[in-house]
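S.K.: Data file entry.cif (mmCIF, C-alpha atoms) is appended below.
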```cif
data_run
#
loop_
_atom_site.label_atom_id
_atom_site.label_comp_id
_atom_site.auth_asym_id
_atom_site.auth_seq_id
_atom_site.Cartn_x
_atom_site.Cartn_y
_atom_site.Cartn_z
CA MET A 1 -32.22 28.01 16.44
CA THR A 2 -29.84 29.88 14.20
CA GLN A 3 -27.52 32.50 15.64
CA SER A 4 -26.87 36.10 14.60
CA PRO A 5 -25.70 36.59 11.00
CA PRO A 6 -22.01 35.81 10.38
CA SER A 7 -19.52 38.62 9.71
CA LEU A 8 -17.57 38.97 6.46
CA LEU A 9 -14.50 37.59 8.20
CA SER A 10 -16.28 34.52 9.53
CA LEU A 11 -17.83 33.87 6.11
CA PHE A 12 -14.34 33.97 4.61
CA THR A 13 -12.63 31.85 7.26
CA GLY A 14 -15.53 29.37 7.46
CA PHE A 15 -15.50 28.63 3.74
CA PHE A 16 -11.69 28.75 3.76
CA THR A 17 -11.72 25.59 5.90
CA VAL A 18 -14.34 24.04 3.61
CA GLY A 19 -12.08 24.65 0.60
CA MET A 20 -8.95 23.48 2.37
CA PHE A 21 -10.30 20.21 3.77
CA GLY A 22 -12.92 19.42 1.16
CA PHE A 23 -11.22 16.54 -0.62
CA GLY A 24 -13.45 14.56 -2.96
CA GLY A 25 -16.32 17.05 -2.86
CA VAL A 26 -17.00 20.08 -0.68
CA GLY A 27 -20.77 19.61 -0.23
CA PRO A 28 -20.67 17.59 3.02
CA TRP A 29 -18.07 19.98 4.48
CA ALA A 30 -20.22 23.00 3.66
CA ARG A 31 -23.19 21.39 5.41
CA ARG A 32 -21.04 20.62 8.47
CA LEU A 33 -19.84 24.23 8.65
CA VAL A 34 -23.16 25.96 8.06
CA VAL A 35 -25.54 23.67 9.93
CA GLU A 36 -23.54 21.83 12.59
CA GLN A 37 -20.56 23.98 13.56
CA LYS A 38 -21.66 27.61 13.07
CA LYS A 39 -25.44 27.07 13.06
CA TRP A 40 -25.86 29.84 10.47
CA MET A 41 -28.87 27.94 9.12
CA THR A 42 -31.12 25.07 10.11
CA ALA A 43 -30.74 21.80 8.22
CA ALA A 44 -34.00 22.50 6.37
CA GLU A 45 -32.89 26.01 5.34
CA PHE A 46 -29.57 24.65 4.13
CA THR A 47 -31.21 21.88 2.10
CA ASP A 48 -33.59 24.40 0.55
CA LEU A 49 -30.75 26.77 -0.41
CA LEU A 50 -28.70 23.87 -1.80
CA GLY A 51 -31.78 22.94 -3.85
CA LEU A 52 -31.64 26.37 -5.50
CA CYS A 53 -27.91 26.02 -6.16
CA GLN A 54 -28.38 22.59 -7.73
CA PHE A 55 -31.23 23.94 -9.87
CA LEU A 56 -29.09 26.76 -11.30
CA PRO A 57 -26.07 26.21 -13.59
CA GLY A 58 -22.56 26.42 -12.13
CA GLY A 59 -20.70 24.64 -9.35
CA ASN A 60 -23.20 23.78 -6.60
CA VAL A 61 -21.14 24.81 -3.58
CA MET A 62 -19.73 27.80 -5.45
CA ASN A 63 -23.31 28.98 -6.02
CA LEU A 64 -23.98 28.22 -2.36
CA THR A 65 -21.25 30.62 -1.22
CA ILE A 66 -22.91 33.33 -3.34
CA ALA A 67 -26.47 32.65 -2.18
CA LEU A 68 -25.54 32.20 1.49
CA GLY A 69 -23.01 35.05 1.64
CA SER A 70 -25.40 37.50 0.01
CA ARG A 71 -28.28 36.46 2.27
CA PHE A 72 -26.28 37.46 5.36
CA GLN A 73 -24.02 40.30 4.16
CA GLY A 74 -25.13 41.31 0.66
CA ILE A 75 -22.71 41.23 -2.25
CA PRO A 76 -19.62 41.72 -0.01
CA GLY A 77 -20.73 38.60 1.88
CA ALA A 78 -21.03 36.65 -1.36
CA VAL A 79 -17.53 37.74 -2.39
CA ALA A 80 -16.05 36.92 1.03
CA ALA A 81 -17.55 33.42 1.11
CA PHE A 82 -16.56 32.74 -2.51
CA LEU A 83 -12.96 33.89 -2.00
CA GLY A 84 -12.78 31.84 1.18
CA LEU A 85 -13.87 28.71 -0.68
CA MET A 86 -11.59 29.16 -3.69
CA THR A 87 -8.32 30.64 -2.41
CA MET A 88 -6.61 27.52 -1.05
CA PRO A 89 -7.81 25.11 -3.75
CA VAL A 90 -6.52 27.43 -6.51
CA VAL A 91 -3.13 27.77 -4.78
CA VAL A 92 -2.88 24.00 -4.17
CA VAL A 93 -3.93 22.99 -7.69
CA ILE A 94 -1.40 25.38 -9.27
CA GLY A 95 1.24 23.98 -6.91
CA LEU A 96 0.38 20.44 -8.03
CA GLY A 97 0.58 21.56 -11.66
CA ALA A 98 3.99 23.16 -11.09
CA ILE A 99 5.33 20.07 -9.30
CA TYR A 100 4.04 17.85 -12.08
CA ASP A 101 5.68 20.06 -14.74
CA GLN A 102 8.96 19.88 -12.84
CA TYR A 103 9.00 16.09 -12.58
CA ALA A 104 6.94 14.99 -15.60
CA ASP A 105 10.05 13.48 -17.25
CA PHE A 106 10.77 11.32 -14.20
CA PRO A 107 9.16 7.95 -15.11
CA PRO A 108 7.61 7.11 -11.70
CA VAL A 109 5.88 10.52 -11.59
CA ARG A 110 4.72 10.24 -15.18
CA ARG A 111 3.34 6.72 -14.58
CA ALA A 112 1.70 7.81 -11.31
CA VAL A 113 -0.21 10.56 -13.11
CA VAL A 114 -1.18 8.21 -15.97
CA ALA A 115 -2.62 5.75 -13.41
CA LEU A 116 -4.22 8.57 -11.39
CA ALA A 117 -5.88 9.84 -14.57
CA ALA A 118 -7.44 6.44 -15.32
CA ALA A 119 -8.70 6.19 -11.71
CA ALA A 120 -10.09 9.75 -11.86
CA ALA A 121 -11.95 8.85 -15.06
CA ALA A 122 -13.33 5.79 -13.25
CA PHE A 123 -14.50 8.10 -10.44
CA VAL A 124 -16.48 10.15 -12.97
CA LEU A 125 -17.95 6.92 -14.40
CA ALA A 126 -18.98 5.67 -10.93
CA ASN A 127 -20.58 9.04 -10.23
CA ALA A 128 -22.42 8.95 -13.57
CA ILE A 129 -23.74 5.46 -12.77
CA LYS A 130 -25.03 6.68 -9.38
CA VAL A 131 -26.78 9.63 -11.01
CA ALA A 132 -28.27 7.34 -13.67
CA MET A 133 -29.82 4.90 -11.18
CA PRO A 134 -33.11 6.84 -10.73
CA LEU A 135 -33.69 6.48 -14.50
CA ARG A 136 -34.26 2.72 -14.12
CA GLY A 137 -37.69 1.79 -15.46
CA LYS A 138 -38.08 5.17 -17.18
CA PRO A 139 -37.56 4.51 -20.91
CA LEU A 140 -38.14 8.13 -21.90
CA GLY A 141 -35.49 9.42 -19.50
CA ILE A 142 -33.05 6.72 -20.63
CA ALA A 143 -33.67 7.67 -24.27
CA VAL A 144 -32.90 11.33 -23.53
CA ALA A 145 -29.70 10.37 -21.68
CA VAL A 146 -28.58 8.17 -24.59
CA ILE A 147 -29.35 10.90 -27.17
CA THR A 148 -27.38 13.38 -25.04
CA PHE A 149 -24.43 10.99 -24.81
CA VAL A 150 -24.41 10.44 -28.59
CA ALA A 151 -24.75 14.18 -29.35
CA ILE A 152 -21.95 15.22 -27.01
CA ALA A 153 -19.49 12.31 -26.77
CA LEU A 154 -19.79 10.88 -30.31
CA LEU A 155 -21.04 13.70 -32.56
CA ARG A 156 -19.14 16.31 -30.49
CA LEU A 157 -21.88 18.93 -30.99
CA PRO A 158 -21.31 22.32 -29.33
CA LEU A 159 -22.95 22.28 -25.91
CA ALA A 160 -24.24 25.86 -26.32
CA ILE A 161 -26.44 24.58 -29.15
CA ALA A 162 -27.13 21.04 -27.94
CA MET A 163 -27.99 21.95 -24.34
CA PRO A 164 -31.00 24.25 -25.00
CA VAL A 165 -32.41 21.83 -27.59
CA LEU A 166 -31.94 18.73 -25.44
CA ALA A 167 -33.21 20.47 -22.31
CA ALA A 168 -36.34 21.80 -24.02
CA LEU A 169 -37.02 18.42 -25.64
CA SER A 170 -36.52 16.54 -22.39
CA ILE A 171 -38.60 18.92 -20.26
CA ALA A 172 -41.46 18.85 -22.79
CA LEU A 173 -41.40 15.05 -23.28
CA LEU A 174 -41.22 14.20 -19.60
CA TRP A 175 -43.87 16.78 -18.73
CA ARG A 176 -46.21 15.35 -21.37
CA PHE A 177 -45.69 11.62 -20.93
CA GLN A 178 -44.17 10.89 -17.57
CA ARG A 179 -46.10 12.54 -14.80
CA MET B 1 -6.12 41.91 -22.00
CA SER B 2 -4.23 39.55 -24.28
CA SER B 3 -6.20 37.62 -26.87
CA THR B 4 -5.49 34.32 -25.07
CA LEU B 5 -6.97 35.64 -21.82
CA LEU B 6 -9.94 36.96 -23.78
CA ASP B 7 -10.43 33.53 -25.41
CA LEU B 8 -10.19 31.84 -22.00
CA THR B 9 -12.78 34.28 -20.62
CA LEU B 10 -15.20 33.56 -23.46
CA VAL B 11 -14.78 29.77 -23.31
CA PHE B 12 -15.13 29.44 -19.53
CA GLY B 13 -17.74 32.17 -19.20
CA GLN B 14 -19.95 30.20 -21.59
CA LEU B 15 -19.33 26.97 -19.65
CA SER B 16 -20.47 28.71 -16.46
CA LEU B 17 -24.04 29.10 -17.73
CA LEU B 18 -24.15 25.63 -19.33
CA ALA B 19 -23.04 23.74 -16.21
CA PHE B 20 -26.42 22.33 -15.18
CA GLY B 21 -25.85 19.60 -12.63
CA GLY B 22 -22.42 20.95 -11.68
CA ALA B 23 -19.00 21.29 -13.26
CA ASN B 24 -18.58 17.68 -14.40
CA SER B 25 -21.38 17.95 -16.93
CA VAL B 26 -19.38 20.50 -18.96
CA VAL B 27 -16.18 18.42 -19.06
CA PRO B 28 -16.90 17.24 -22.65
CA GLU B 29 -17.43 20.79 -23.88
CA MET B 30 -14.38 22.02 -21.95
CA GLN B 31 -12.30 19.27 -23.55
CA ARG B 32 -13.69 20.06 -27.03
CA GLN B 33 -12.92 23.77 -26.62
CA VAL B 34 -9.40 23.47 -25.21
CA THR B 35 -8.28 20.58 -27.44
CA GLU B 36 -10.16 20.61 -30.77
CA LEU B 37 -11.15 24.27 -31.14
CA HIS B 38 -8.23 26.13 -29.55
CA GLY B 39 -5.51 23.47 -29.59
CA TRP B 40 -4.20 24.52 -26.16
CA LEU B 41 -3.85 20.90 -24.96
CA THR B 42 -4.02 17.34 -26.29
CA PRO B 43 -6.88 15.16 -24.97
CA HIS B 44 -4.34 13.17 -22.96
CA GLU B 45 -2.88 16.33 -21.38
CA PHE B 46 -6.40 17.46 -20.55
CA ALA B 47 -7.15 14.14 -18.84
CA ALA B 48 -3.90 14.38 -16.85
CA LEU B 49 -4.80 17.90 -15.67
CA TYR B 50 -8.28 16.66 -14.76
CA ALA B 51 -6.69 13.92 -12.65
CA LEU B 52 -4.31 16.33 -10.88
CA ALA B 53 -7.26 18.58 -10.10
CA GLN B 54 -9.11 15.63 -8.53
CA ALA B 55 -6.18 15.20 -6.16
CA ALA B 56 -6.54 18.81 -4.95
CA PRO B 57 -9.00 19.92 -2.28
CA GLY B 58 -11.91 22.19 -3.11
CA PRO B 59 -14.91 22.12 -5.44
CA ASN B 60 -14.83 19.51 -8.21
CA MET B 61 -14.13 22.24 -10.77
CA MET B 62 -10.47 22.87 -10.00
CA VAL B 63 -9.55 21.54 -13.45
CA VAL B 64 -10.77 24.94 -14.66
CA SER B 65 -8.04 26.78 -12.75
CA LEU B 66 -5.42 24.23 -13.78
CA VAL B 67 -6.25 24.51 -17.49
CA GLY B 68 -6.06 28.31 -17.20
CA TRP B 69 -2.69 28.05 -15.48
CA ARG B 70 -1.30 25.66 -18.11
CA VAL B 71 -2.45 27.90 -20.98
CA ALA B 72 -1.54 31.33 -19.60
CA GLY B 73 0.13 31.04 -16.19
CA VAL B 74 -1.25 32.54 -12.98
CA ALA B 75 -3.16 35.21 -14.92
CA GLY B 76 -4.76 32.39 -16.91
CA ALA B 77 -5.76 30.52 -13.74
CA LEU B 78 -7.38 33.63 -12.26
CA THR B 79 -9.10 34.35 -15.58
CA THR B 80 -10.67 30.90 -16.01
CA THR B 81 -11.62 30.63 -12.32
CA LEU B 82 -13.42 33.97 -12.35
CA ALA B 83 -14.90 33.42 -15.82
CA VAL B 84 -16.48 30.14 -14.73
CA ALA B 85 -17.69 31.68 -11.46
CA ILE B 86 -19.06 35.11 -12.30
CA PRO B 87 -21.91 34.44 -14.78
CA ALA B 88 -23.43 31.67 -12.62
CA SER B 89 -22.89 33.80 -9.50
CA ILE B 90 -24.74 36.76 -10.98
CA LEU B 91 -27.59 34.44 -11.93
CA THR B 92 -27.61 33.04 -8.39
CA LEU B 93 -27.70 36.57 -6.91
CA LEU B 94 -30.57 37.55 -9.19
CA VAL B 95 -32.63 34.43 -8.57
CA SER B 96 -31.97 33.61 -4.91
CA GLY B 97 -34.28 36.37 -3.65
CA ALA B 98 -37.15 34.99 -5.71
CA TRP B 99 -36.46 31.30 -4.96
CA PHE B 100 -39.22 31.02 -2.34
CA THR B 101 -41.77 32.37 -4.84
CA PHE B 102 -41.10 29.71 -7.48
CA ARG B 103 -39.55 26.72 -5.72
CA ASP B 104 -42.94 25.02 -5.29
CA LYS B 105 -44.31 25.90 -8.74
CA PRO B 106 -45.08 22.91 -11.02
CA TRP B 107 -42.87 24.30 -13.82
CA ARG B 108 -39.87 24.40 -11.48
CA LYS B 109 -40.30 20.70 -10.75
CA ALA B 110 -40.85 19.98 -14.46
CA VAL B 111 -37.62 21.76 -15.40
CA GLN B 112 -35.66 19.86 -12.75
CA VAL B 113 -37.15 16.50 -13.77
CA GLY B 114 -36.49 17.28 -17.45
CA LEU B 115 -32.88 18.37 -16.92
CA MET B 116 -31.97 15.25 -14.97
CA PRO B 117 -31.69 12.80 -17.92
CA VAL B 118 -29.71 15.41 -19.90
CA THR B 119 -27.30 15.82 -16.99
CA THR B 120 -26.98 12.04 -16.76
CA GLY B 121 -26.09 11.82 -20.46
CA LEU B 122 -23.53 14.61 -20.03
CA LEU B 123 -21.90 12.84 -17.06
CA MET B 124 -21.74 9.62 -19.09
CA ALA B 125 -20.14 11.60 -21.93
CA SER B 126 -17.60 13.07 -19.48
CA ALA B 127 -16.73 9.59 -18.24
CA GLY B 128 -16.50 8.18 -21.78
CA LEU B 129 -14.19 10.91 -23.05
CA LEU B 130 -11.93 10.81 -19.99
CA LEU B 131 -11.70 7.00 -20.17
CA GLU B 132 -10.95 7.19 -23.89
CA SER B 133 -7.94 9.44 -23.31
CA THR B 134 -6.65 7.72 -20.15
CA VAL B 135 -7.08 3.98 -20.74
CA LEU B 136 -4.00 3.64 -22.92
CA ASP B 137 -3.42 -0.11 -22.50
CA TRP B 138 -5.11 -3.19 -21.02
CA ARG B 139 -3.56 -2.76 -17.58
CA LEU B 140 -4.97 0.75 -17.28
CA GLY B 141 -8.28 -0.75 -18.45
CA VAL B 142 -8.20 -3.27 -15.61
CA LEU B 143 -7.33 -0.44 -13.19
CA ALA B 144 -10.29 1.62 -14.42
CA VAL B 145 -12.73 -1.29 -14.09
CA VAL B 146 -11.51 -2.21 -10.59
CA ALA B 147 -11.53 1.44 -9.48
CA THR B 148 -15.08 1.94 -10.78
CA ALA B 149 -16.23 -1.12 -8.83
CA VAL B 150 -14.49 0.09 -5.66
CA PHE B 151 -16.04 3.57 -5.98
CA GLN B 152 -19.42 1.96 -6.64
CA PHE B 153 -19.57 -0.76 -4.03
CA THR B 154 -17.39 0.35 -1.11
CA LYS B 155 -17.40 3.34 1.19
CA LEU B 156 -13.64 3.91 0.91
CA HIS B 157 -12.73 7.58 0.64
CA PRO B 158 -12.22 8.42 -3.07
CA LEU B 159 -8.87 10.03 -2.32
CA LEU B 160 -7.56 6.70 -0.90
CA VAL B 161 -8.46 4.96 -4.16
CA LEU B 162 -6.85 7.71 -6.27
CA GLY B 163 -3.77 7.56 -4.04
CA ALA B 164 -3.54 3.78 -4.40
CA ALA B 165 -3.75 4.11 -8.18
CA ALA B 166 -0.96 6.70 -8.17
CA VAL B 167 1.24 4.38 -6.05
CA LEU B 168 0.58 1.45 -8.42
CA GLY B 169 1.69 3.74 -11.25
CA ALA B 170 4.77 5.03 -9.44
CA ILE B 171 6.08 1.52 -8.69
CA GLY B 172 5.44 0.44 -12.29
CA VAL B 173 2.50 -1.95 -11.93
CA VAL B 174 0.42 0.18 -14.32
CA GLY B 175 1.02 3.26 -16.44
#
```
Could I get this structure in the form of structure tokens?

M.R.:
Amino acid sequence: MTQSPPSLLSLFTGFFTVGMFGFGGVGPWARRLVVEQKKWMTAAEFTDLLGLCQFLPGGNVMNLTIALGSRFQGIPGAVAAFLGLMTMPVVVVIGLGAIYDQYADFPPVRRAVVALAAAAAAFVLANAIKVAMPLRGKPLGIAVAVITFVAIALLRLPLAIAMPVLAALSIALLWRFQR
Amino acid sequence: MSSTLLDLTLVFGQLSLLAFGGANSVVPEMQRQVTELHGWLTPHEFAALYALAQAAPGPNMMVVSLVGWRVAGVAGALTTTLAVAIPASILTLLVSGAWFTFRDKPWRKAVQVGLMPVTTGLLMASAGLLLESTVLDWRLGVLAVVATAVFQFTKLHPLLVLGAAAVLGAIGVVG
């Protein structure tokens, strides 16, 4: 069973550790904190709340801090959990930026970041391939993905215009033909 | 508020509500805004900042803070971080109370199923644009192909692979 609702301080410190140790994605760390360590929610409750956060726009775990924090402590809880998650990563990333600026003219550092950048792009590609796998055998879904790629990567259309059109088209097509 | 901070607020506030499927799906629009429209960075600089952000802990949207910092210092970092967070957070606050009333509705499922191919196309576009501005020669191309395969087919921690790439660059094998 879940325990009594967490305080503002424990929301902050809990998500502080998630932000600090969450290398390569904070989702698994958030689950560990909420379900396994603190038992603020059952696994089913957590999965359900994450489902909402994945459904809505915005960073998934960022949305999770808002939804979970507000469920237990209202808006102050949402703010506490959000600040906990973001404080260390913002400090660290600015530190990395400052170090890089300082040493960008030093060839080994410059080459390291050039290589890191290519590997980071490969990470995004690998992730995109994983996400694309469920589209196998679904020509309509593949067509929508290809149209989206062309509109955004090649035609460079503004997302604020392309997104509503593509989303409406895709939802209507898949609803009509692929149930 | 200076006009740069205002511009940053508008750009990243808009991205907040367009980021279906998480932060990586708005990387192409972020790149278009900060390079083509506002000229704050070159595509290559943007890709380098994206890579640095991947090496930091935290959500996979830390590139947002880093771009803000590069454009307008610490005030810029706070501006972009909050601008990307607040609109989606308000939406989450408004909707989370009603989630149990609509999570099992057919339209909710239809929206999720319909958004998925769009998100996939956006992630592919993110990958394509980042590869275009980071694969500067054939050796970096080989690195990208090998790294993709390692991410895809092994369970190695991503940070180990990124670290190995950085070491290969530092000692002059690639880069």

S.K.: Would you mind telling me which residue in B:Thr4, B:Thr9, B:Thr92, B:Thr148 lies nearest to Gly59 in chain A when using all atoms listed in the file?

M.R.: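 Among B:Thr4, B:Thr9, B:Thr92, B:Thr148, it is B:Thr92 that comes nearest to Gly59 in chain A.
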
S.K.: Using all atoms listed in the file, find which residues of chain B lie within 6 Å of chain A and jot them down as a VMD selection string.

M.R.: chain B and resid 16 to 17 19 to 20 22 to 23 48 51 56 to 59 88 to 89 111 114 to 115 117 to 118 120 to 121 123 to 125 127 130 to 131 134 to 135 144 147 to 148 152 162 165 to 166 169 to 170 175

S.K.: How big is the axis-aligned box around the listed atoms of range 71-85 of chain B once 8 Å is added on each side, and where is its centre? Give both in Å to one decimal, as lines of an AutoDock Vina configuration file.

M.R.:
```
center_x = -8.8
center_y = 31.6
center_z = -16.2
size_x = 33.8
size_y = 23.3
size_z = 25.5
```

S.K.: Could you state the separation of CA of Leu91 in chain B and CA of Leu18 in chain B in Å, given to one decimal place?

M.R.: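 About the pair CA of Leu91 in chain B and CA of Leu18 in chain B: they are 12.0 Å apart.
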
S.K.: May I ask for the distance between CA of Gly68 in chain B and CA of Ala85 in chain B, given in Å to one decimal place?

M.R.: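 Separation between CA of Gly68 in chain B and CA of Ala85 in chain B: 13.4 Å.
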
S.K.: Give me, please, the distance in Å between CA of Val35 in chain A and CA of Gly84 in chain A, quoted to one decimal.

M.R.: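 Calculated distance between CA of Val35 in chain A and CA of Gly84 in chain A is 17.5 Å.
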
S.K.: Taking the file as shown, find all residues satisfying the PyMOL selection byres ((chain B and resi 33) around 12) and write them as a ChimeraX atom specification.

M.R.: /A:156-160 /B:7-8,10-12,14-15,26-32,34-43,46,67

S.K.: Could you tell me which of B:Ser96, B:Ser25, B:Thr80, B:Ser3 comes closest to Ser126 in chain B if we count all atoms listed in the file?

M.R.: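 Residue with the minimum atom-to-atom distance to Ser126 in chain B: B:Ser25.
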
S.K.: Could you tell me which of B:Leu52, B:Val63, B:Ala47, B:Leu6 comes closest to Leu159 in chain B if we count only C-alpha atoms?

M.R.: B:Leu52

S.K.: Between B:Asp104, B:Phe153, B:Val146, B:Val64, which is the closest to Thr79 in chain B once you count only C-alpha atoms?

M.R.: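 For Thr79 in chain B, the nearest of the candidates is B:Val64.
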